[in-house]
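The file start05.cif comes next; it holds mmCIF, C-alpha atoms.
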```
data_data
loop_
_atom_site.label_atom_id
_atom_site.label_comp_id
_atom_site.auth_asym_id
_atom_site.auth_seq_id
_atom_site.Cartn_x
_atom_site.Cartn_y
_atom_site.Cartn_z
CA MET A 18 122.03 99.99 88.76
CA VAL A 19 122.96 98.10 85.58
CA GLN A 20 124.60 100.41 83.05
CA GLY A 21 122.58 101.14 79.93
CA ILE A 22 119.14 100.72 81.53
CA ARG A 23 116.82 103.62 80.93
CA ALA A 24 114.96 104.37 84.14
CA LEU A 25 112.12 106.51 82.76
CA SER A 26 109.46 105.60 80.21
CA VAL A 27 107.76 108.59 78.58
CA CYS A 28 104.60 107.75 76.65
CA LEU A 29 102.69 110.38 74.67
CA GLY A 30 99.31 110.47 73.00
CA ARG A 31 99.19 111.80 69.45
CA GLU A 32 98.00 115.31 70.33
CA ALA A 33 100.43 115.53 73.25
CA ALA A 34 103.33 114.55 70.99
CA ALA A 35 102.34 117.11 68.36
CA ARG A 36 102.08 119.95 70.87
CA ILE A 37 105.32 119.11 72.63
CA ALA A 38 107.15 118.75 69.31
CA ARG A 39 105.89 122.20 68.34
CA GLU A 40 106.20 124.06 71.65
CA GLY A 41 108.69 122.06 73.70
CA TRP A 42 108.18 121.01 77.30
CA SER A 43 106.16 123.94 78.65
CA ALA A 44 104.35 123.64 81.97
CA ASP A 45 101.48 125.68 80.54
CA LEU A 46 100.68 122.92 78.04
CA PHE A 47 99.20 120.95 80.94
CA SER A 48 95.84 121.65 82.52
CA LEU A 49 95.46 118.39 84.47
CA LEU A 50 97.83 116.56 86.83
CA LEU A 51 96.76 113.04 87.82
CA GLY A 52 97.78 111.15 90.95
CA ALA A 53 96.85 107.49 91.38
CA SER A 54 96.17 105.39 94.46
CA GLY A 55 98.90 102.95 95.38
CA GLY A 56 100.22 103.54 98.90
CA PRO A 57 104.01 103.09 99.15
CA LYS A 58 104.32 102.59 95.40
CA TRP A 59 104.66 106.37 95.26
CA PHE A 60 108.21 106.13 96.66
CA ILE A 61 109.51 105.26 93.19
CA LEU A 62 108.25 108.70 92.08
CA GLY A 63 109.81 110.56 95.01
CA HIS A 64 112.53 112.45 93.17
CA LEU A 65 110.47 112.88 90.00
CA ASP A 66 107.83 114.57 92.17
CA ARG A 67 110.49 116.84 93.60
CA LEU A 68 111.50 117.94 90.11
CA LEU A 69 107.94 118.31 88.82
CA PHE A 70 106.45 120.01 91.89
CA GLY A 71 109.45 122.10 92.87
CA ASP A 72 110.67 123.16 89.43
CA PHE A 73 108.92 122.19 86.19
CA LEU A 74 105.32 122.92 87.19
CA GLN A 75 106.38 126.07 89.01
CA ARG A 76 107.33 127.55 85.62
CA GLY A 77 103.68 127.68 84.56
CA SER A 78 101.40 130.69 84.78
CA GLN A 79 98.07 129.07 83.90
CA PRO A 80 95.71 127.27 86.31
CA LEU A 81 96.53 123.60 86.82
CA SER A 82 93.95 121.14 88.14
CA ALA A 83 95.30 118.33 90.31
CA LEU A 84 93.04 115.28 90.54
CA GLY A 85 94.13 112.59 92.96
CA SER A 86 92.90 109.66 95.00
CA SER A 87 94.55 108.19 98.08
CA ILE A 88 98.34 108.74 98.03
CA GLY A 89 97.88 110.70 94.80
CA SER A 90 95.88 113.34 96.68
CA TRP A 91 98.48 113.37 99.47
CA ARG A 92 101.24 114.01 96.92
CA HIS A 93 99.21 116.79 95.33
CA ALA A 94 98.74 118.41 98.73
CA CYS A 95 102.53 118.82 98.74
CA LEU A 96 102.34 120.66 95.41
CA ALA A 97 99.99 123.23 96.97
CA MET A 98 102.30 123.92 99.92
CA ALA A 99 104.54 127.01 100.07
CA ASP A 100 107.62 124.75 99.70
CA PRO A 101 106.55 121.63 97.76
CA VAL A 102 109.93 119.89 97.99
CA ALA A 103 110.05 120.28 101.77
CA ALA A 104 106.48 118.99 101.98
CA ILE A 105 107.39 115.92 99.90
CA ALA A 106 110.30 115.25 102.25
CA ARG A 107 107.94 115.44 105.25
CA LEU A 108 105.47 113.06 103.61
CA GLU A 109 108.26 110.70 102.66
CA GLN A 110 109.74 110.55 106.15
CA GLY A 111 106.39 110.20 107.87
CA TYR A 112 105.18 107.44 105.57
CA LEU A 113 108.50 105.62 105.43
CA ASN A 114 108.98 105.43 109.21
CA GLN A 115 105.57 104.08 110.16
CA HIS A 116 106.12 101.45 112.82
CA TYR A 117 103.64 99.13 114.51
CA ALA A 118 104.56 96.74 117.31
CA SER A 119 102.13 94.12 116.04
CA LYS A 120 99.23 93.90 113.59
CA PRO A 121 97.65 97.32 114.09
CA SER A 122 93.97 98.13 114.37
CA ALA A 123 92.32 100.39 111.81
CA ALA A 124 92.09 103.08 114.50
CA GLU A 125 95.85 102.90 115.12
CA VAL A 126 96.72 103.15 111.41
CA SER A 127 94.32 106.08 111.02
CA GLU A 128 95.92 107.88 113.96
CA VAL A 129 99.35 107.49 112.35
CA SER A 130 97.98 108.60 108.97
CA ARG A 131 96.40 111.72 110.44
CA ASN A 132 99.70 112.56 112.14
CA ILE A 133 101.55 112.22 108.81
CA LEU A 134 99.05 114.53 107.14
CA GLN A 135 99.41 117.05 109.95
CA GLN A 136 103.19 117.00 109.46
CA VAL A 137 102.71 117.67 105.75
CA LEU A 138 100.16 120.45 106.17
CA GLY A 139 101.74 122.15 109.16
CA GLU A 140 100.00 125.17 110.65
CA ASP A 141 99.11 126.94 107.40
CA GLY A 142 98.94 124.16 104.82
CA ALA A 143 95.16 123.72 104.80
CA ARG A 144 94.63 127.41 104.10
CA GLY A 145 97.33 127.37 101.42
CA LEU A 146 95.75 124.38 99.69
CA CYS A 147 92.29 125.98 99.70
CA GLN A 148 93.52 129.37 98.50
CA HIS A 149 96.37 128.49 96.15
CA PRO A 150 96.28 131.01 93.29
CA ARG A 151 97.04 128.49 90.55
CA ILE A 152 96.75 124.87 91.76
CA ARG A 153 93.13 123.71 91.74
CA SER A 154 93.11 120.69 94.06
CA HIS A 155 90.54 117.90 93.53
CA ILE A 156 90.56 115.21 96.24
CA VAL A 157 88.58 112.07 95.36
CA THR A 158 86.74 110.04 98.00
CA ALA A 159 84.16 107.24 97.88
CA ARG A 160 81.05 107.71 100.03
CA GLY A 161 79.64 104.36 101.10
CA ARG A 162 76.05 103.34 100.49
CA GLY A 163 74.12 100.67 102.35
CA PRO A 164 76.37 98.05 103.99
CA ALA A 165 79.42 99.74 102.43
CA ALA A 166 78.78 102.62 104.85
CA ALA A 167 78.56 100.38 107.91
CA SER A 168 80.60 100.72 111.08
CA SER A 169 80.18 97.02 111.78
CA THR A 170 83.08 95.00 110.36
CA ALA A 171 80.82 92.07 109.46
CA LEU A 172 78.27 94.25 107.67
CA LEU A 173 81.02 96.22 105.92
CA ALA A 174 82.61 92.96 104.75
CA THR A 175 79.27 91.93 103.27
CA GLY A 176 78.93 95.26 101.48
CA MET A 177 82.44 95.12 100.07
CA GLY A 178 81.98 91.53 98.95
CA VAL A 179 78.75 92.30 97.13
CA ALA A 180 80.39 95.37 95.53
CA ALA A 181 83.30 93.25 94.30
CA LEU A 182 80.98 90.65 92.79
CA GLY A 183 78.88 93.30 91.07
CA ASN A 184 81.99 94.95 89.68
CA THR A 185 82.97 91.74 87.90
CA VAL A 186 79.73 92.02 85.92
CA SER A 187 79.96 95.75 85.25
CA ARG A 188 82.05 98.55 86.70
CA ARG A 189 78.93 100.71 86.71
CA MET A 190 77.39 98.48 89.39
CA LEU A 191 79.73 100.12 91.90
CA LYS A 192 77.30 103.06 91.94
CA LEU A 193 74.94 100.89 94.00
CA HIS A 194 77.51 100.80 96.79
CA PHE A 195 79.57 103.99 96.46
CA GLN A 196 79.16 107.60 95.40
CA ARG A 197 82.16 109.60 94.18
CA VAL A 198 82.62 112.79 96.21
CA VAL A 199 85.26 115.22 94.98
CA PHE A 200 86.50 117.95 97.31
CA HIS A 201 87.85 120.89 95.31
CA SER A 202 89.58 124.17 95.99
CA GLY A 203 88.41 127.37 94.31
CA ASP A 204 84.87 128.49 93.62
CA ALA A 205 83.98 125.46 91.46
CA GLN A 206 85.48 122.24 90.13
CA ASN A 207 87.27 122.23 86.80
CA PRO A 208 84.51 121.98 84.12
CA GLY A 209 86.68 119.40 82.35
CA LEU A 210 86.28 117.22 85.44
CA ALA A 211 82.49 117.04 85.31
CA LEU A 212 82.81 113.26 85.68
CA HIS A 213 79.77 111.48 84.28
CA ASP A 214 80.41 107.75 84.71
CA PHE A 215 79.15 107.64 88.33
CA SER A 216 76.99 109.76 90.57
CA THR A 217 79.44 112.48 91.61
CA ARG A 218 79.13 115.23 94.19
CA TYR A 219 81.47 118.22 94.30
CA CYS A 220 82.17 119.86 97.64
CA ALA A 221 84.26 122.92 98.42
CA LEU A 222 87.50 122.41 100.30
CA ARG A 223 87.59 124.47 103.48
CA GLN A 224 90.21 124.76 106.17
CA ASP A 225 88.02 122.67 108.47
CA ASN A 226 87.68 119.72 106.07
CA VAL A 227 91.03 119.47 104.24
CA ALA A 228 92.57 116.98 106.68
CA ALA A 229 89.41 114.84 106.79
CA ALA A 230 89.08 114.78 103.00
CA LEU A 231 92.73 113.76 102.59
CA HIS A 232 92.46 111.07 105.26
CA ALA A 233 89.26 109.70 103.74
CA SER A 234 90.80 109.67 100.27
CA GLY A 235 93.39 107.14 101.47
CA ALA A 236 91.20 105.19 103.90
CA ILE A 237 91.21 101.58 102.71
CA PRO A 238 88.29 99.77 104.37
CA PHE A 239 89.38 97.50 107.25
CA VAL A 240 92.89 99.01 107.17
CA LEU A 241 91.82 102.53 108.21
CA THR A 242 88.65 103.85 109.84
CA GLY A 243 87.66 106.28 107.12
CA GLU A 244 85.81 109.50 107.91
CA ARG A 245 82.18 109.97 108.88
CA ASP A 246 80.20 113.16 108.20
CA ILE A 247 82.91 115.38 106.73
CA PRO A 248 82.07 119.08 107.23
CA GLY A 249 80.57 120.69 104.12
CA ALA A 250 79.77 117.34 102.48
CA PRO A 251 76.76 114.99 102.43
CA PRO A 252 76.51 112.98 105.66
CA GLY A 253 77.82 109.44 105.61
CA GLN A 254 80.91 107.25 105.66
CA TYR A 255 83.83 108.19 103.40
CA TRP A 256 86.40 105.72 102.11
CA ASP A 257 89.42 105.54 99.83
CA GLY A 258 88.80 107.31 96.53
CA GLY A 259 90.68 104.52 94.79
CA ILE A 260 87.70 102.20 95.24
CA ILE A 261 86.14 103.98 92.26
CA ASP A 262 89.18 105.82 90.88
CA TYR A 263 92.25 103.65 91.47
CA HIS A 264 94.18 104.89 88.41
CA PHE A 265 91.20 106.74 86.88
CA ASP A 266 89.20 106.32 83.69
CA LEU A 267 91.22 108.68 81.51
CA GLY A 268 88.45 109.03 78.96
CA GLN A 269 86.42 111.09 81.45
CA TYR A 270 88.59 114.22 81.07
CA ARG A 271 87.15 116.94 78.81
CA GLY A 272 89.70 119.76 79.20
CA ASP A 273 91.66 121.56 76.50
CA GLY A 274 95.14 121.10 77.95
CA LEU A 275 97.32 118.01 78.19
CA ILE A 276 97.21 115.45 80.99
CA LEU A 277 100.42 114.97 82.99
CA TYR A 278 100.43 111.59 84.70
CA PRO A 279 103.49 110.64 86.77
CA HIS A 280 102.66 107.03 87.54
CA PHE A 281 104.39 103.99 88.98
CA SER A 282 103.27 101.69 86.15
CA ALA A 283 102.48 101.69 82.44
CA SER A 284 99.22 99.89 83.30
CA ILE A 285 96.13 101.96 84.06
CA ILE A 286 93.51 100.14 86.16
CA PRO A 287 90.30 102.20 86.53
CA GLY A 288 89.02 101.04 89.95
CA TRP A 289 90.43 99.12 92.92
CA PHE A 290 88.34 96.01 92.30
CA ASP A 291 89.53 95.98 88.69
CA LYS A 292 93.00 94.90 89.89
CA PHE A 293 91.67 91.36 89.77
CA LEU A 294 90.15 91.74 86.27
CA PRO A 295 92.94 91.92 83.66
CA TRP A 296 90.50 92.82 80.89
CA ARG A 297 89.63 96.08 82.68
CA GLN A 298 92.98 97.78 82.02
CA ALA A 299 92.48 101.10 80.25
CA ALA A 300 93.42 101.51 76.59
CA ILE A 301 95.81 104.39 77.19
CA HIS A 302 96.84 104.54 73.52
CA GLU A 303 93.42 106.08 72.83
CA VAL A 304 94.06 109.09 75.11
CA ASP A 305 95.48 111.67 72.71
CA LYS A 306 96.31 114.27 75.38
CA LEU A 307 98.14 111.92 77.76
CA VAL A 308 101.74 112.35 78.92
CA LEU A 309 102.57 109.30 81.03
CA LEU A 310 105.82 109.22 83.02
CA CYS A 311 106.63 105.91 84.68
CA PRO A 312 109.58 103.68 85.62
CA SER A 313 110.64 101.31 82.86
CA GLU A 314 110.24 97.56 83.30
CA PRO A 315 114.03 96.91 83.19
CA PHE A 316 114.53 99.61 85.84
CA ILE A 317 111.93 97.97 88.10
CA ALA A 318 113.48 94.54 87.59
CA ASP A 319 116.84 95.95 88.69
CA LEU A 320 115.48 97.33 91.98
CA PRO A 321 116.09 95.59 95.30
CA LEU A 322 113.62 92.67 95.43
CA GLY A 323 112.90 93.28 91.73
CA LYS A 324 109.80 95.39 92.40
CA ILE A 325 108.67 98.78 93.62
CA PRO A 326 107.44 99.17 97.24
CA ASP A 327 103.92 98.05 98.06
CA ARG A 328 101.73 97.52 101.12
CA SER A 329 102.67 93.84 101.42
CA ASP A 330 106.10 95.00 102.60
CA PHE A 331 104.58 95.87 105.99
CA THR A 332 103.97 92.17 106.66
CA ARG A 333 106.69 90.56 104.51
CA LEU A 334 109.62 92.53 105.91
CA GLU A 335 110.85 93.36 109.40
CA HIS A 336 110.59 97.09 110.15
CA GLY A 337 114.27 97.94 109.73
CA GLU A 338 114.56 95.84 106.57
CA ARG A 339 111.48 97.50 105.08
CA VAL A 340 112.77 101.01 105.82
CA ARG A 341 116.17 100.23 104.25
CA TYR A 342 114.51 98.75 101.15
CA TRP A 343 112.18 101.71 100.73
CA GLU A 344 115.06 104.15 101.21
CA GLN A 345 117.00 102.36 98.48
CA CYS A 346 114.03 102.69 96.11
CA VAL A 347 113.70 106.40 96.90
CA LYS A 348 117.40 106.84 96.18
CA ARG A 349 117.09 104.94 92.91
CA SER A 350 114.18 107.20 91.91
CA GLU A 351 116.72 109.99 91.35
CA ALA A 352 117.40 108.38 87.96
CA LEU A 353 113.84 109.08 86.78
CA ALA A 354 114.17 112.76 87.68
CA GLU A 355 117.60 113.03 86.03
CA GLU A 356 116.34 111.54 82.76
CA PHE A 357 113.27 113.78 82.70
CA ALA A 358 115.44 116.84 83.36
CA GLU A 359 117.64 115.86 80.41
CA LEU A 360 114.61 115.40 78.16
CA ILE A 361 112.94 118.75 78.90
CA SER A 362 116.19 120.70 78.58
CA GLY A 363 117.48 118.89 75.47
CA SER A 364 117.31 119.96 71.83
CA ASP A 365 114.90 117.16 70.85
CA PRO A 366 111.73 117.23 73.00
CA LEU A 367 110.68 113.78 71.73
CA ARG A 368 114.02 112.03 72.21
CA GLY A 369 113.45 108.49 73.46
CA VAL A 370 109.70 108.85 73.95
CA THR A 371 107.00 106.40 72.87
CA ILE A 372 104.16 107.89 70.82
CA PHE A 373 100.88 105.99 70.79
CA ASP A 374 99.57 105.17 67.31
#
```

Just give me the structure of the file as structure tokens.
Amino acid sequence: MVQGIRALSVCLGREAAARIAREGWSADLFSLLLGASGGPKWFILGHLDRLLFGDFLQRGSQPLSALGSSIGSWRHACLAMADPVAAIARLEQGYLNQHYASKPSAAEVSEVSRNILQQVLGEDGARGLCQHPRIRSHIVTARGRGPAAASSTALLATGMGVAALGNTVSRRMLKLHFQRVVFHSGDAQNPGLALHDFSTRYCALRQDNVAAALHASGAIPFVLTGERDIPGAPPGQYWDGGIIDYHFDLGQYRGDGLILYPHFSASIIPGWFDKFLPWRQAAIHEVDKLVLLCPSEPFIADLPLGKIPDRSDFTRLEHGERVRYWEQCVKRSEALAEEFAELISGSDPLRGVTIFD
């Protein structure tokens, strides 16, 4: 790594900056942890997650809601395990070493994904996630409507195409094709997460639906099979929560505490289809309670291949080359954790941070 490059960007909303300046970096300042979709992009957060999940957030005594879609919900499942750092290591190894002899079917990728989740959860992980005394897990899925719920590839393709076209006109048109279903631990969802932009159903996490909810949350249509008729939830076909909540609409949160958002980018894109609509990026400077932790642009440029891992690596790189590249990125992610550790233990809690005007 080039000397002098700062690896970690820390961006704070006005209220977040004021509270942290006054109280320091206390885990109990945060009432919401966000985890975005993004597949292998999460590797660049690997060691930051270890520090946050295994140390910093363990110092808190107040309830913490974790809201995640796709790989964000998988990461958060690690936080709810008895040993979060060991769980992250299991997720990392399982995800990193996926290997397919040729272009895999959706059924094959789903089988591998379910096996990874089983490795993470182990024998007692589902019960631990449902009954964690402090971590309130919220797993986001998208329940298909009409052709978007079809088993037929051709009909599903039609539904997804129509949804994409409608989304270019208005993000709210996604509600014609998908319903947000949030699976939550505890007796009820966090009142601050009474999301009102789309039709949203809240369903209790139970030991018999944890694995299905997590698998559905990361089930990209055509790439994975998704889940049909999850126990304890409305009947139907469940897909990747990132379709609606790719990086989340941060303005939906109504809680009193701060929002902690370890993310792989400084850009916040509300829904998956919005990736192709540059004008849909969220105005994060308006989110007063936000604490965004992400790799800096110079750090990313200095990585092997000049980018963080992404799903295209499965087809662009030979298996061994991809694994080596991803392992290098995971190793480099230690720098993000080291810089955050220095910040939270230093005498100036705002040293080097960016405060939104």

- Query: Pick from A:Arg23, A:Arg188, A:His264, A:Arg328: nearest to Leu84 in chain A, with all atoms listed in the file counted?
  - Reply: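 Of all the options, A:His264 lies closest to Leu84 in chain A.
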
- Message: Could you tell me how far CA of Thr170 in chain A sits from CA of Ile156 in chain A, in Å to one decimal place?
- Response: 25.8 Å

- Cut-off 12 Å around (90.8, 92.7, 88.1) with only C-alpha atoms: residues as JSON, numbers by chain: {"A": [181, 182, 184, 185, 186, 187, 188, 263, 285, 286, 287, 288, 289, 290, 291, 292, 293, 294, 295, 296, 297, 298, 299]}

- Query: In Å to one decimal, how far is CA of Gly235 in chain A from CA of Leu212 in chain A?
  - Reply: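 Taking CA of Leu212 in chain A and CA of Gly235 in chain A, their separation equals 20.0 Å.
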
- Task: Kindly resolve the PyMOL selection byres ((chain A and resi 54) around 10) on the present coordinates and return the residues as a ChimeraX atom specification.
- Result: /A:52-53,55-59,85-91,234-235,257-260,262-265,280-281,288-289

- Tell me, in Å to one decimal, how far CA of Leu307 in chain A is from CA of Cys220 in chain A.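 Taking CA of Leu307 in chain A as the start and CA of Cys220 in chain A as the end point, the length is 26.7 Å.
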
Determine the residue set returned by the PyMOL selection byres ((chain A and resi 197-211) around 6) for the present structure, and present it as an mmCIF file with C-alpha atoms, in the frame of the given file.
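Listed below is the output, result23.cif:
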```
data_model
loop_
_atom_site.group_PDB
_atom_site.id
_atom_site.type_symbol
_atom_site.label_atom_id
_atom_site.label_comp_id
_atom_site.auth_asym_id
_atom_site.auth_seq_id
_atom_site.Cartn_x
_atom_site.Cartn_y
_atom_site.Cartn_z
ATOM 1 C CA CYS A 147 92.290 125.980 99.700
ATOM 2 C CA ARG A 153 93.130 123.710 91.740
ATOM 3 C CA SER A 154 93.110 120.690 94.060
ATOM 4 C CA HIS A 155 90.540 117.900 93.530
ATOM 5 C CA ILE A 156 90.560 115.210 96.240
ATOM 6 C CA VAL A 157 88.580 112.070 95.360
ATOM 7 C CA THR A 158 86.740 110.040 98.000
ATOM 8 C CA ALA A 159 84.160 107.240 97.880
ATOM 9 C CA GLN A 196 79.160 107.600 95.400
ATOM 10 C CA LEU A 212 82.810 113.260 85.680
ATOM 11 C CA THR A 217 79.440 112.480 91.610
ATOM 12 C CA ARG A 218 79.130 115.230 94.190
ATOM 13 C CA TYR A 219 81.470 118.220 94.300
ATOM 14 C CA CYS A 220 82.170 119.860 97.640
ATOM 15 C CA ALA A 221 84.260 122.920 98.420
ATOM 16 C CA LEU A 222 87.500 122.410 100.300
ATOM 17 C CA TYR A 270 88.590 114.220 81.070
ATOM 18 C CA ARG A 271 87.150 116.940 78.810
ATOM 19 C CA GLY A 272 89.700 119.760 79.200
#
```

- the PyMOL selection byres ((chain A and resi 37) around 10) resolved against shown file, as a PyMOL selection string: chain A and resi 29+32-36+38-43+46+275+308+361+365-367

- Query: Out of A:Ile325, A:Ile276, A:Met190, A:Ala233, which residue has the shortest atom-to-atom distance to Ser313 in chain A when counting all atoms listed in the file?
  - Reply: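 Among the listed residues, A:Ile325 lies closest to Ser313 in chain A.
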
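Closest approach to Ile61 in chain A from the set A:Ser26, A:Gln224, A:Gln345, A:Ser122 is made by A:Gln345, with distances taken over only C-alpha atoms.
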
- Message: Using only C-alpha atoms, can you tell me which of A:Ile317, A:Ile372, A:Val227, A:Ala283 comes closest to Gln148 in chain A?
- Response: A:Val227

- Task: May I have the residues within 7 Å of range 244-250 of chain A as an MDAnalysis selection string, using only C-alpha atoms and disregarding those fewer than 2 positions away in the same chain?
- Result: chainID A and resid 220 226 229 233 242 252:256

Rebuild N, CA, C and O atoms on range 354-371 of chain A, as a short mmCIF file (atom, residue, chain, number, x, y, z; two decimals), in the frame of the given file?
```cif
data_model
loop_
_atom_site.label_atom_id
_atom_site.label_comp_id
_atom_site.auth_asym_id
_atom_site.auth_seq_id
_atom_site.Cartn_x
_atom_site.Cartn_y
_atom_site.Cartn_z
N ALA A 354 114.14 111.29 87.72
CA ALA A 354 114.17 112.76 87.68
C ALA A 354 115.30 113.25 86.78
O ALA A 354 115.12 114.20 86.01
N GLU A 355 116.46 112.61 86.85
CA GLU A 355 117.60 113.03 86.03
C GLU A 355 117.28 112.87 84.54
O GLU A 355 117.59 113.76 83.73
N GLU A 356 116.65 111.76 84.17
CA GLU A 356 116.34 111.54 82.76
C GLU A 356 115.26 112.50 82.27
O GLU A 356 115.31 112.98 81.12
N PHE A 357 114.28 112.82 83.12
CA PHE A 357 113.27 113.78 82.70
C PHE A 357 113.88 115.17 82.56
O PHE A 357 113.55 115.91 81.62
N ALA A 358 114.77 115.54 83.46
CA ALA A 358 115.44 116.84 83.36
C ALA A 358 116.23 116.94 82.06
O ALA A 358 116.23 117.99 81.40
N GLU A 359 116.90 115.86 81.67
CA GLU A 359 117.64 115.86 80.41
C GLU A 359 116.70 116.02 79.22
O GLU A 359 117.00 116.74 78.25
N LEU A 360 115.56 115.35 79.27
CA LEU A 360 114.61 115.40 78.16
C LEU A 360 114.06 116.82 77.97
O LEU A 360 114.05 117.35 76.85
N ILE A 361 113.61 117.45 79.05
CA ILE A 361 112.94 118.75 78.90
C ILE A 361 113.91 119.89 78.60
O ILE A 361 113.51 120.95 78.12
N SER A 362 115.20 119.66 78.87
CA SER A 362 116.19 120.70 78.58
C SER A 362 116.97 120.43 77.30
O SER A 362 117.77 121.26 76.87
N GLY A 363 116.73 119.27 76.66
CA GLY A 363 117.48 118.89 75.47
C GLY A 363 116.95 119.55 74.21
O GLY A 363 115.90 120.20 74.20
N SER A 364 117.67 119.34 73.12
CA SER A 364 117.31 119.96 71.83
C SER A 364 116.17 119.23 71.13
O SER A 364 115.48 119.81 70.29
N ASP A 365 115.96 117.95 71.47
CA ASP A 365 114.90 117.16 70.85
C ASP A 365 113.87 116.80 71.91
O ASP A 365 114.11 115.92 72.74
N PRO A 366 112.70 117.47 71.93
CA PRO A 366 111.73 117.23 73.00
C PRO A 366 111.07 115.85 72.95
O PRO A 366 110.40 115.45 73.90
N LEU A 367 111.27 115.12 71.86
CA LEU A 367 110.68 113.78 71.73
C LEU A 367 111.73 112.68 71.77
O LEU A 367 111.45 111.53 71.44
N ARG A 368 112.92 113.02 72.21
CA ARG A 368 114.02 112.03 72.21
C ARG A 368 113.68 110.88 73.19
O ARG A 368 113.46 111.10 74.37
N GLY A 369 113.63 109.68 72.63
CA GLY A 369 113.45 108.49 73.46
C GLY A 369 112.03 108.23 73.92
O GLY A 369 111.80 107.27 74.66
N VAL A 370 111.06 109.04 73.48
CA VAL A 370 109.70 108.85 73.95
C VAL A 370 108.98 107.82 73.08
O VAL A 370 109.39 107.54 71.96
N THR A 371 107.90 107.29 73.62
CA THR A 371 107.00 106.40 72.87
C THR A 371 105.74 107.17 72.53
O THR A 371 105.11 107.76 73.41
#
```
